[in-house]
Amino acid sequence: AKAVCIEKEPELGGTCLRIGCIPTKAWVQTAFFLKEAEESFAKLGIKISEPTLDFATANEWKAAVVKQMTSGVASLFKANGVEWVKGTGRFSGPNTIAVEGGEDVNFKQAVVATGSYPLRPPIDGLDSPRCVDSEGLLAQTQLPGRGCGEGAGQALQEARHHAPPRDLGRQGRGHGQRARRPPRRRDDRGRPDAHSHRARAHGREPGSRGDRRRARQAQGHRR
């Protein structure tokens, strides 16, 4: 069976490879070595002048990493016989996708994976050029002095902890809510109840009939 991927972006790989996790982590690697040079080299007996950041070169490194990853996806497509149809598609029939500026694609089965885009809430001043989404942040050519993030998406969490304002020697903060795990049960002394934690891991609720039976059996063995 022949597989076809309809993608309008200039590179394959989706948000993660092009404008998300991979370019952000490339910045992280730059920040890591900058921090190592500042704090660890002297302890190891490595004498260098004070390290400085060349942000333009860091961005060139980031772009090269992204290019390597997206080219790898294109190579996988070619090796596995997947055709890349460049453009935007829409369903024009039960088994047909019309591609803007291209030929129709007929299919037996289709997977819809359109991704998402940042929501820009109606906040006064948000149309300022200083207000950018995650893609705009990664496109910066000058290192911001300070930054503030609003939202709770994964892209913001990546930026809060790994983007230039924090890791490359600038100030940054973010606002938003993260998903939290349910609190662990605690015993009468306020300590985490390890037994209830293990029981939940095995799909059993503490205090059930099975738990009481196992407790009696354990007491019998100890006797």
# chains A, B, ... in the order shown; residues from 1 in each chain; ligands from 1
$ residues_around --residues "stretch 4-18 of chain A" --least-positions-apart "4" --cutoff "7 Å" --atoms "only C-alpha atoms" --output "list in words"
Ile22, Pro23, Val66, Met69, Thr70, Val73, Ala74, Val82, Glu83, Trp84, Val85, Lys86, Gly87, Thr88 and Gly89 of chain A
$ select_by_dssp --residues "stretch 25-100 of chain A" --states "strand (DSSP E)" --output "tab-separated table (two decimals) with N, CA and C atoms, in the first residue's frame"
chain	number	residue	atom	x	y	z
A	82	VAL	N	7.28	6.74	1.40
A	82	VAL	CA	6.21	7.68	1.74
A	82	VAL	C	6.36	8.93	0.88
A	83	GLU	N	5.30	9.30	0.18
A	83	GLU	CA	5.34	10.48	-0.69
A	83	GLU	C	4.91	11.71	0.10
A	84	TRP	N	5.69	12.77	-0.01
A	84	TRP	CA	5.37	14.04	0.63
A	84	TRP	C	4.69	14.95	-0.39
A	85	VAL	N	3.41	15.22	-0.17
A	85	VAL	CA	2.66	16.14	-1.02
A	85	VAL	C	2.62	17.48	-0.30
A	86	LYS	N	3.26	18.49	-0.87
A	86	LYS	CA	3.35	19.79	-0.22
A	86	LYS	C	2.10	20.61	-0.51
A	89	GLY	N	-4.51	20.31	2.52
A	89	GLY	CA	-5.55	19.41	2.02
A	89	GLY	C	-6.87	19.60	2.73
A	90	ARG	N	-7.94	19.26	2.03
A	90	ARG	CA	-9.29	19.27	2.62
A	90	ARG	C	-10.07	18.11	2.00
A	91	PHE	N	-10.95	17.53	2.80
A	91	PHE	CA	-11.75	16.41	2.30
A	91	PHE	C	-12.77	16.94	1.30
A	92	SER	N	-12.72	16.39	0.10
A	92	SER	CA	-13.68	16.78	-0.93
A	92	SER	C	-14.64	15.66	-1.27
A	93	GLY	N	-14.47	14.51	-0.63
A	93	GLY	CA	-15.35	13.37	-0.85
A	93	GLY	C	-15.05	12.29	0.16
A	96	THR	N	-11.53	11.13	-0.92
A	96	THR	CA	-10.71	12.05	-1.71
A	96	THR	C	-10.32	13.26	-0.88
A	97	ILE	N	-9.05	13.66	-1.00
A	97	ILE	CA	-8.56	14.89	-0.39
A	97	ILE	C	-8.08	15.80	-1.50
A	98	ALA	N	-8.63	17.00	-1.54
A	98	ALA	CA	-8.20	18.00	-2.51
A	98	ALA	C	-7.04	18.78	-1.92
A	99	VAL	N	-5.95	18.87	-2.67
A	99	VAL	CA	-4.76	19.57	-2.22
A	99	VAL	C	-4.67	20.90	-2.94
$ atom_distance --atom1 "atom CA of A:Lys2" --atom2 "atom CA of A:Ile19"
28.9 Å
$ atom_distance --atom1 "atom CA of A:Pro51" --atom2 "atom CA of A:Gly147"
22.9 Å
$ closest_residue --among "A:Thr24, A:Thr30, A:Asn80, A:Ser128" --to "A:Asp54" --atoms "only C-alpha atoms"
A:Thr30
$ closest_residue --among "A:Thr52, A:Asn106, A:Gln68, A:Thr141" --to "A:Leu34" --atoms "only C-alpha atoms"
A:Thr52
$ residues_around --residues "A:Lys35" --least-positions-apart "2" --cutoff "12 Å" --atoms "only C-alpha atoms" --output "mmCIF file with N, CA, C and O atoms, in the first residue's frame"
data_model
loop_
_atom_site.group_PDB
_atom_site.id
_atom_site.type_symbol
_atom_site.label_atom_id
_atom_site.label_comp_id
_atom_site.auth_asym_id
_atom_site.auth_seq_id
_atom_site.Cartn_x
_atom_site.Cartn_y
_atom_site.Cartn_z
ATOM 1 N N VAL A 28 19.528 24.979 25.010
ATOM 2 C CA VAL A 28 19.914 24.422 26.312
ATOM 3 C C VAL A 28 21.361 23.954 26.280
ATOM 4 O O VAL A 28 22.125 24.174 27.223
ATOM 5 N N GLN A 29 21.759 23.314 25.187
ATOM 6 C CA GLN A 29 23.132 22.822 25.104
ATOM 7 C C GLN A 29 24.128 23.982 25.109
ATOM 8 O O GLN A 29 25.172 23.914 25.768
ATOM 9 N N THR A 30 23.799 25.045 24.387
ATOM 10 C CA THR A 30 24.649 26.234 24.422
ATOM 11 C C THR A 30 24.750 26.782 25.842
ATOM 12 O O THR A 30 25.841 27.111 26.331
ATOM 13 N N ALA A 31 23.597 26.880 26.511
ATOM 14 C CA ALA A 31 23.578 27.411 27.873
ATOM 15 C C ALA A 31 24.369 26.523 28.830
ATOM 16 O O ALA A 31 25.059 27.011 29.726
ATOM 17 N N PHE A 32 24.280 25.203 28.628
ATOM 18 C CA PHE A 32 24.991 24.267 29.506
ATOM 19 C C PHE A 32 26.500 24.482 29.426
ATOM 20 O O PHE A 32 27.186 24.576 30.449
ATOM 21 N N PHE A 33 27.025 24.572 28.208
ATOM 22 C CA PHE A 33 28.468 24.733 28.068
ATOM 23 C C PHE A 33 28.925 26.117 28.524
ATOM 24 O O PHE A 33 30.036 26.268 29.042
ATOM 25 N N ALA A 37 31.671 26.571 31.431
ATOM 26 C CA ALA A 37 32.867 27.396 31.286
ATOM 27 C C ALA A 37 32.977 28.408 32.420
ATOM 28 O O ALA A 37 34.072 28.704 32.907
ATOM 29 N N GLU A 38 31.842 28.933 32.869
ATOM 30 C CA GLU A 38 31.843 29.944 33.927
ATOM 31 C C GLU A 38 32.132 29.350 35.303
ATOM 32 O O GLU A 38 32.819 29.966 36.118
ATOM 33 N N GLU A 39 31.615 28.145 35.565
ATOM 34 C CA GLU A 39 31.634 27.634 36.934
ATOM 35 C C GLU A 39 32.542 26.431 37.157
ATOM 36 O O GLU A 39 32.974 26.200 38.284
ATOM 37 N N SER A 40 32.820 25.643 36.115
ATOM 38 C CA SER A 40 33.504 24.369 36.340
ATOM 39 C C SER A 40 34.903 24.286 35.758
ATOM 40 O O SER A 40 35.729 23.521 36.258
ATOM 41 N N PHE A 41 35.175 25.020 34.689
ATOM 42 C CA PHE A 41 36.468 24.857 34.030
ATOM 43 C C PHE A 41 37.630 25.154 34.968
ATOM 44 O O PHE A 41 38.620 24.422 35.017
ATOM 45 N N ALA A 42 37.534 26.252 35.728
ATOM 46 C CA ALA A 42 38.636 26.629 36.618
ATOM 47 C C ALA A 42 38.887 25.550 37.666
ATOM 48 O O ALA A 42 40.039 25.269 38.025
ATOM 49 N N GLU A 50 37.252 35.081 30.201
ATOM 50 C CA GLU A 50 35.840 35.062 30.579
ATOM 51 C C GLU A 50 34.968 34.709 29.375
ATOM 52 O O GLU A 50 35.028 35.375 28.335
ATOM 53 N N PRO A 51 34.156 33.646 29.468
ATOM 54 C CA PRO A 51 33.335 33.237 28.322
ATOM 55 C C PRO A 51 32.213 34.233 28.059
ATOM 56 O O PRO A 51 31.626 34.796 28.985
ATOM 57 N N THR A 52 31.924 34.457 26.804
ATOM 58 C CA THR A 52 30.834 35.338 26.401
ATOM 59 C C THR A 52 29.963 34.614 25.386
ATOM 60 O O THR A 52 30.407 33.674 24.717
ATOM 61 N N LEU A 53 28.735 35.055 25.280
ATOM 62 C CA LEU A 53 27.781 34.426 24.375
ATOM 63 C C LEU A 53 27.715 35.183 23.054
ATOM 64 O O LEU A 53 27.498 36.394 23.038
ATOM 65 N N ARG A 166 16.422 32.562 30.816
ATOM 66 C CA ARG A 166 16.801 31.884 32.056
ATOM 67 C C ARG A 166 18.200 31.287 31.965
ATOM 68 O O ARG A 166 19.059 31.541 32.790
ATOM 69 N N ASP A 167 18.449 30.478 30.922
ATOM 70 C CA ASP A 167 19.680 29.700 30.868
ATOM 71 C C ASP A 167 20.874 30.460 30.314
ATOM 72 O O ASP A 167 22.004 30.045 30.505
ATOM 73 N N LEU A 168 20.640 31.526 29.585
ATOM 74 C CA LEU A 168 21.753 32.238 28.981
ATOM 75 C C LEU A 168 22.052 33.542 29.704
ATOM 76 O O LEU A 168 22.524 34.505 29.122
ATOM 77 N N GLY A 169 21.716 33.578 30.989
ATOM 78 C CA GLY A 169 22.157 34.685 31.812
ATOM 79 C C GLY A 169 21.221 35.866 31.869
ATOM 80 O O GLY A 169 21.635 36.966 32.196
#
$ atom_distance --atom1 "atom CA of A:Cys148" --atom2 "atom CA of A:Glu36"
25.8 Å
$ decode --residues "stretch 3-14 of chain A" --atoms "all heavy atoms" --output "mmCIF file, in the first residue's frame"
data_model
loop_
_atom_site.group_PDB
_atom_site.id
_atom_site.type_symbol
_atom_site.label_atom_id
_atom_site.label_comp_id
_atom_site.auth_asym_id
_atom_site.auth_seq_id
_atom_site.Cartn_x
_atom_site.Cartn_y
_atom_site.Cartn_z
ATOM 1 N N ALA A 3 1.732 5.142 0.900
ATOM 2 C CA ALA A 3 1.431 6.121 1.947
ATOM 3 C C ALA A 3 1.782 7.512 1.447
ATOM 4 O O ALA A 3 2.809 7.716 0.795
ATOM 5 C CB ALA A 3 2.202 5.809 3.222
ATOM 6 N N VAL A 4 0.918 8.476 1.767
ATOM 7 C CA VAL A 4 1.109 9.861 1.351
ATOM 8 C C VAL A 4 0.957 10.755 2.565
ATOM 9 O O VAL A 4 0.063 10.547 3.394
ATOM 10 C CB VAL A 4 0.087 10.264 0.263
ATOM 11 C CG1 VAL A 4 0.178 11.757 -0.036
ATOM 12 C CG2 VAL A 4 0.310 9.463 -1.007
ATOM 13 N N CYS A 5 1.830 11.739 2.695
ATOM 14 C CA CYS A 5 1.734 12.730 3.765
ATOM 15 C C CYS A 5 1.525 14.101 3.134
ATOM 16 O O CYS A 5 2.350 14.552 2.332
ATOM 17 C CB CYS A 5 3.003 12.732 4.618
ATOM 18 S SG CYS A 5 3.034 14.034 5.885
ATOM 19 N N ILE A 6 0.421 14.748 3.485
ATOM 20 C CA ILE A 6 0.139 16.100 2.994
ATOM 21 C C ILE A 6 0.573 17.082 4.074
ATOM 22 O O ILE A 6 0.029 17.090 5.175
ATOM 23 C CB ILE A 6 -1.359 16.269 2.673
ATOM 24 C CG1 ILE A 6 -1.801 15.221 1.650
ATOM 25 C CG2 ILE A 6 -1.644 17.671 2.169
ATOM 26 C CD1 ILE A 6 -3.305 15.189 1.424
ATOM 27 N N GLU A 7 1.562 17.899 3.773
ATOM 28 C CA GLU A 7 2.145 18.816 4.757
ATOM 29 C C GLU A 7 2.447 20.148 4.082
ATOM 30 O O GLU A 7 3.124 20.195 3.059
ATOM 31 C CB GLU A 7 3.425 18.211 5.333
ATOM 32 C CG GLU A 7 4.220 19.138 6.238
ATOM 33 C CD GLU A 7 3.423 19.612 7.433
ATOM 34 O OE1 GLU A 7 3.141 18.795 8.321
ATOM 35 O OE2 GLU A 7 3.073 20.811 7.451
ATOM 36 N N LYS A 8 1.936 21.230 4.674
ATOM 37 C CA LYS A 8 2.121 22.551 4.069
ATOM 38 C C LYS A 8 3.406 23.248 4.501
ATOM 39 O O LYS A 8 3.868 24.174 3.832
ATOM 40 C CB LYS A 8 0.935 23.450 4.412
ATOM 41 C CG LYS A 8 0.833 23.814 5.890
ATOM 42 C CD LYS A 8 -0.332 24.752 6.144
ATOM 43 C CE LYS A 8 -0.408 25.150 7.623
ATOM 44 N NZ LYS A 8 -1.524 26.090 7.883
ATOM 45 N N GLU A 9 3.994 22.825 5.641
ATOM 46 C CA GLU A 9 5.191 23.499 6.135
ATOM 47 C C GLU A 9 6.394 23.188 5.245
ATOM 48 O O GLU A 9 6.440 22.142 4.592
ATOM 49 C CB GLU A 9 5.477 23.084 7.575
ATOM 50 C CG GLU A 9 4.376 23.437 8.558
ATOM 51 C CD GLU A 9 4.161 24.938 8.692
ATOM 52 O OE1 GLU A 9 5.068 25.702 8.301
ATOM 53 O OE2 GLU A 9 3.097 25.341 9.181
ATOM 54 N N PRO A 10 7.395 24.068 5.232
ATOM 55 C CA PRO A 10 8.546 23.851 4.343
ATOM 56 C C PRO A 10 9.449 22.697 4.763
ATOM 57 O O PRO A 10 10.264 22.236 3.969
ATOM 58 C CB PRO A 10 9.302 25.182 4.418
ATOM 59 C CG PRO A 10 8.902 25.781 5.731
ATOM 60 C CD PRO A 10 7.481 25.362 5.938
ATOM 61 N N GLU A 11 9.332 22.244 6.015
ATOM 62 C CA GLU A 11 10.146 21.137 6.499
ATOM 63 C C GLU A 11 9.250 20.131 7.205
ATOM 64 O O GLU A 11 8.221 20.484 7.780
ATOM 65 C CB GLU A 11 11.229 21.625 7.470
ATOM 66 C CG GLU A 11 12.200 22.639 6.886
ATOM 67 C CD GLU A 11 13.178 22.028 5.901
ATOM 68 O OE1 GLU A 11 13.271 20.782 5.851
ATOM 69 O OE2 GLU A 11 13.852 22.785 5.178
ATOM 70 N N LEU A 12 9.670 18.866 7.186
ATOM 71 C CA LEU A 12 8.942 17.822 7.894
ATOM 72 C C LEU A 12 9.373 17.776 9.356
ATOM 73 O O LEU A 12 10.419 18.296 9.724
ATOM 74 C CB LEU A 12 9.202 16.464 7.228
ATOM 75 C CG LEU A 12 8.658 16.285 5.810
ATOM 76 C CD1 LEU A 12 9.194 14.996 5.201
ATOM 77 C CD2 LEU A 12 7.132 16.272 5.812
ATOM 78 N N GLY A 13 8.557 17.140 10.174
ATOM 79 C CA GLY A 13 8.926 16.958 11.572
ATOM 80 C C GLY A 13 7.954 17.551 12.567
ATOM 81 O O GLY A 13 8.026 17.249 13.756
ATOM 82 N N GLY A 14 7.055 18.415 12.101
ATOM 83 C CA GLY A 14 6.062 18.968 13.010
ATOM 84 C C GLY A 14 6.637 19.996 13.970
ATOM 85 O O GLY A 14 7.793 20.424 13.862
#
